[in-house]
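Student: File follows, coords25.txt with compact mmCIF, C-alpha atoms:
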```txt
# COMPACT_ATOMS: atom_id res chain seq x y z
CA MET H 1 205.34 245.40 155.21
CA ALA H 2 203.31 248.37 154.08
CA ARG H 3 206.00 249.28 151.60
CA GLY H 4 205.86 246.23 149.44
CA GLY H 5 207.21 243.27 151.35
CA GLY H 6 210.77 244.28 152.20
CA THR H 7 211.76 246.22 149.05
CA SER H 8 213.98 249.19 149.68
CA PRO H 9 212.18 252.56 149.97
CA GLU H 10 214.33 254.17 147.26
CA ILE H 11 213.29 251.69 144.59
CA LEU H 12 209.61 251.97 145.57
CA GLU H 13 209.69 255.73 145.30
CA GLU H 14 211.26 255.54 141.91
CA THR H 15 208.68 253.11 140.59
CA GLN H 16 205.83 255.22 141.95
CA LEU H 17 207.18 258.20 140.01
CA GLY H 18 207.25 256.11 136.83
CA CYS H 19 211.01 256.31 136.44
CA VAL H 20 212.96 253.11 137.10
CA LEU H 21 216.67 253.61 137.52
CA PRO H 22 218.31 250.56 139.07
CA THR H 23 221.23 252.15 140.89
CA SER H 24 222.81 248.86 141.97
CA LEU H 25 222.70 247.36 138.47
CA GLY H 26 224.42 250.36 136.80
CA THR H 27 227.88 249.40 138.01
CA ASN H 28 227.34 245.69 137.24
CA SER H 29 226.32 246.38 133.65
CA LEU H 30 229.35 248.64 133.27
CA LYS H 31 231.59 245.83 134.55
CA LYS H 32 229.96 243.37 132.15
CA SER H 33 230.45 245.81 129.29
CA SER H 34 234.16 246.30 130.03
CA TRP H 35 234.66 242.52 130.32
CA GLY H 36 233.03 242.10 126.92
CA VAL H 37 235.34 244.67 125.36
CA LEU H 38 238.36 243.04 127.02
CA ILE H 39 237.43 239.54 125.85
CA THR H 40 236.67 240.80 122.34
CA GLY H 41 240.05 242.55 122.24
CA ILE H 42 241.90 239.44 123.42
CA VAL H 43 240.15 237.17 120.92
CA GLY H 44 240.67 239.68 118.10
CA GLY H 45 244.33 240.17 118.97
CA THR H 46 244.89 236.43 119.12
CA LEU H 47 243.31 235.93 115.71
CA VAL H 48 245.45 238.68 114.18
CA ALA H 49 248.59 237.15 115.71
CA VAL H 50 247.74 233.66 114.44
CA TYR H 51 247.05 235.09 110.98
CA ALA H 52 250.32 237.03 110.96
CA VAL H 53 252.36 234.00 111.99
CA ALA H 54 250.59 231.39 109.85
CA THR H 55 250.22 233.31 106.58
CA PRO H 56 253.88 233.21 105.47
CA PHE H 57 253.98 229.48 106.10
CA LEU H 58 250.70 228.74 104.33
CA THR H 59 251.03 230.97 101.28
CA PRO H 60 253.80 228.88 99.66
CA ALA H 61 251.33 225.99 99.61
CA LEU H 62 248.91 228.13 97.60
CA ARG H 63 251.40 228.80 94.80
CA LYS H 64 251.19 227.11 91.44
CA ILE H 65 254.19 224.96 92.37
CA CYS H 66 254.39 224.20 96.08
CA LEU H 67 257.91 224.30 97.52
CA PRO H 68 257.93 223.13 101.12
CA PHE H 69 260.53 224.10 103.71
CA VAL H 70 262.65 221.05 104.47
CA PRO H 71 265.51 221.82 106.88
CA ALA H 72 268.94 220.42 106.04
CA THR H 73 270.23 217.76 108.39
CA THR H 74 273.57 218.06 110.16
CA LYS H 75 274.98 215.36 107.86
CA GLN H 76 273.92 217.33 104.76
CA ILE H 77 275.50 220.48 106.16
CA ALA H 78 278.71 218.57 106.92
CA ASN H 79 278.75 217.26 103.32
CA VAL H 80 278.37 220.79 101.92
CA VAL H 81 281.16 222.09 104.15
CA LYS H 82 283.33 219.15 103.10
CA MET H 83 282.75 219.95 99.43
CA LEU H 84 283.65 223.61 100.06
CA HIS H 85 287.06 222.87 101.63
CA CYS H 86 288.97 223.17 98.35
CA ARG H 87 286.90 226.05 97.01
CA ARG H 88 287.12 229.84 97.22
CA GLY H 89 284.91 232.78 96.48
CA SER H 90 281.40 233.67 97.51
CA LEU H 91 278.58 231.24 98.07
CA VAL H 92 274.86 231.49 97.42
CA ASP H 93 272.19 229.20 98.82
CA ILE H 94 269.04 229.22 96.74
CA GLY H 95 266.04 228.58 98.95
CA SER H 96 268.10 229.02 102.10
CA GLY H 97 265.26 228.23 104.49
CA ASP H 98 266.42 228.84 108.04
CA GLY H 99 269.98 229.63 106.90
CA ARG H 100 271.83 226.58 108.20
CA ILE H 101 274.06 226.15 105.14
CA VAL H 102 274.77 229.88 104.75
CA ILE H 103 275.77 230.15 108.42
CA ALA H 104 277.96 227.04 108.22
CA ALA H 105 279.70 228.42 105.12
CA ALA H 106 280.20 231.80 106.80
CA LYS H 107 281.83 230.04 109.75
CA GLU H 108 284.23 228.44 107.26
CA GLY H 109 285.24 231.88 105.99
CA PHE H 110 283.02 232.24 102.95
CA THR H 111 281.01 235.31 102.12
CA ALA H 112 277.63 233.60 101.96
CA VAL H 113 274.24 234.79 100.78
CA GLY H 114 270.88 233.10 101.09
CA TYR H 115 267.74 233.77 99.04
CA GLU H 116 264.39 232.68 100.39
CA LEU H 117 260.76 233.45 99.60
CA ASN H 118 259.44 233.11 103.13
CA PRO H 119 260.02 236.37 105.04
CA TRP H 120 259.71 234.68 108.44
CA LEU H 121 262.52 232.26 107.57
CA VAL H 122 264.69 235.12 106.31
CA TRP H 123 264.18 237.09 109.51
CA TYR H 124 264.90 233.95 111.55
CA SER H 125 268.04 233.30 109.47
CA ARG H 126 269.26 236.84 110.10
CA TYR H 127 268.68 236.36 113.81
CA ARG H 128 270.57 233.04 113.81
CA ALA H 129 273.47 234.60 111.90
CA TRP H 130 273.62 237.42 114.44
CA ARG H 131 273.47 234.91 117.31
CA GLU H 132 276.28 232.85 115.75
CA GLY H 133 278.37 236.00 115.19
CA VAL H 134 278.55 235.75 111.39
CA GLN H 135 276.10 238.53 110.50
CA ASP H 136 278.80 240.37 108.53
CA SER H 137 279.65 237.45 106.23
CA ALA H 138 276.18 235.85 106.03
CA LYS H 139 273.41 237.84 104.32
CA PHE H 140 269.83 236.84 103.68
CA TYR H 141 267.36 238.29 101.20
CA ILE H 142 263.67 237.80 100.50
CA SER H 143 263.51 237.05 96.81
CA ASP H 144 262.30 234.66 94.17
CA LEU H 145 265.14 232.58 92.72
CA TRP H 146 263.95 233.32 89.18
CA LYS H 147 264.48 237.05 89.72
CA VAL H 148 268.08 236.97 90.98
CA THR H 149 271.33 236.97 89.02
CA PHE H 150 273.82 234.44 90.36
CA SER H 151 276.76 235.31 88.09
CA GLN H 152 278.72 237.00 90.91
CA TYR H 153 278.82 233.81 93.01
CA SER H 154 281.52 231.15 92.68
CA ASN H 155 279.65 228.48 94.62
CA VAL H 156 275.95 227.71 94.31
CA VAL H 157 274.15 225.48 96.77
CA ILE H 158 270.63 224.32 96.18
CA PHE H 159 268.78 221.70 98.13
CA GLY H 160 265.75 221.10 96.02
CA VAL H 161 262.73 218.94 96.08
CA PRO H 162 261.47 217.17 92.95
CA GLN H 163 258.72 219.81 92.48
CA MET H 164 261.38 222.50 92.10
CA VAL H 165 263.06 221.13 89.02
```
Can you give me the file's structure in the form of structure tokens?
Tutor:
Amino acid sequence: MARGGGTSPEILEETQLGCVLPTSLGTNSLKKSSWGVLITGIVGGTLVAVYAVATPFLTPALRKICLPFVPATTKQIANVVKMLHCRRGSLVDIGSGDGRIVIAAAKEGFTAVGYELNPWLVWYSRYRAWREGVQDSAKFYISDLWKVTFSQYSNVVIFGVPQMV
């Protein structure tokens, strides 16, 4: 009771000397500080990941002429393959998207190439071609269709939208 109503003697001595060093709070503030750094790192990392994934899909919408990615249906792919039955030579798909037509043509024995602006779709197309086992006959490139020469291809496939023409 004479020491200040139940306060520990160490803290009383420190306050009487004019120097307050809360020994029990030092570890708690350090824990709070490391939690703050961890949470900041997680939030920052998440924002960078979202930016990295979303940017290639959003930037085509910011172009002068917006060309959306519209995947080909299985019926459209079957129609392209049907049209290719009597044909020979190499094939190019302009705006290949996720590579469905290029992969289907490669499975039919064509040397097929796809050109696409979106790097994420090109990387996904390359992965799908590898997974389907046609990575040697199906190639994908990141390029603008206006900057490519198509004279070496016998077959040209383009699934366009009205904005493209």
Student: Which residue out of H:Arg126, H:Thr74, H:Ser154, H:Phe140 has the minimum interatomic distance to Phe110 (chain H) when only C-alpha atoms are used?
Tutor: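 That would be H:Ser154, the residue with the smallest distance to Phe110 (chain H).
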Student: Show me the residues close to (278.2, 231.8, 96.5) - anything with an atom within 9 Å, counting only C-alpha atoms - and format the list as number ranges by chain.
Tutor: H: 89-93, 110-114, 150, 152-157
Student: Enter the distance from CA of Glu116 (chain H) to CA of Ser96 (chain H), in Å, rounded to one decimal.
Tutor: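 The value is 5.5 Å.
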Student: For each of H:Ile158, H:Tyr127, H:Arg88, H:Val122, take the minimum atom-to-atom distance to Gly109 (chain H), counting all atoms listed in the file, then give the residue where this is smallest.
Tutor: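 Nearest candidate to Gly109 (chain H) out of H:Ile158, H:Tyr127, H:Arg88, H:Val122: H:Arg88.
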Student: Measure the distance from CA of Asp144 (chain H) to CA of Pro119 (chain H) in Å and round it to one decimal.
Tutor: 11.2 Å
Student: Record the distance separating CA of Leu121 (chain H) and CA of Phe69 (chain H), expressed in Å with one decimal.
Tutor: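 Distance reported for this atom pair: 9.2 Å.
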Student: With all atoms listed in the file as the atoms that count, which of H:Ile39, H:Ala138, H:Leu117, H:Ala72 lies nearest to Ile103 (chain H)?
Tutor: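 Nearest candidate to Ile103 (chain H) out of H:Ile39, H:Ala138, H:Leu117, H:Ala72: H:Ala138.
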Student: Find the residues near Ala129 (chain H): any atom within 10 Å, counting all atoms listed in the file, skip ones fewer than 4 places away on the same chain, and give them as an NGL selection string.
Tutor: :H and (98-100 or 102-104 or 106-107 or 123-125 or 133-140)
Student: Could the residues in this selection be written to a file with C-alpha atoms, as an mmCIF file, in the frame of the given file?
Tutor:
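Heads up, here's the output in selection_21.cif:
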```
data_model
loop_
_atom_site.group_PDB
_atom_site.id
_atom_site.type_symbol
_atom_site.label_atom_id
_atom_site.label_comp_id
_atom_site.auth_asym_id
_atom_site.auth_seq_id
_atom_site.Cartn_x
_atom_site.Cartn_y
_atom_site.Cartn_z
ATOM 1 C CA ASP H 98 266.420 228.840 108.040
ATOM 2 C CA GLY H 99 269.980 229.630 106.900
ATOM 3 C CA ARG H 100 271.830 226.580 108.200
ATOM 4 C CA VAL H 102 274.770 229.880 104.750
ATOM 5 C CA ILE H 103 275.770 230.150 108.420
ATOM 6 C CA ALA H 104 277.960 227.040 108.220
ATOM 7 C CA ALA H 106 280.200 231.800 106.800
ATOM 8 C CA LYS H 107 281.830 230.040 109.750
ATOM 9 C CA TRP H 123 264.180 237.090 109.510
ATOM 10 C CA TYR H 124 264.900 233.950 111.550
ATOM 11 C CA SER H 125 268.040 233.300 109.470
ATOM 12 C CA GLY H 133 278.370 236.000 115.190
ATOM 13 C CA VAL H 134 278.550 235.750 111.390
ATOM 14 C CA GLN H 135 276.100 238.530 110.500
ATOM 15 C CA ASP H 136 278.800 240.370 108.530
ATOM 16 C CA SER H 137 279.650 237.450 106.230
ATOM 17 C CA ALA H 138 276.180 235.850 106.030
ATOM 18 C CA LYS H 139 273.410 237.840 104.320
ATOM 19 C CA PHE H 140 269.830 236.840 103.680
#
```
Student: Could the centre and edge lengths of an axis-aligned box, enclosing all atoms of region 135-143 of chain H in the file with 8 Å extra on each side, be given in Å to one decimal as JSON?
Tutor:
```
{"center_x": 271.6, "center_y": 238.1, "center_z": 103.7, "size_x": 32.1, "size_y": 20.5, "size_z": 29.7}
```
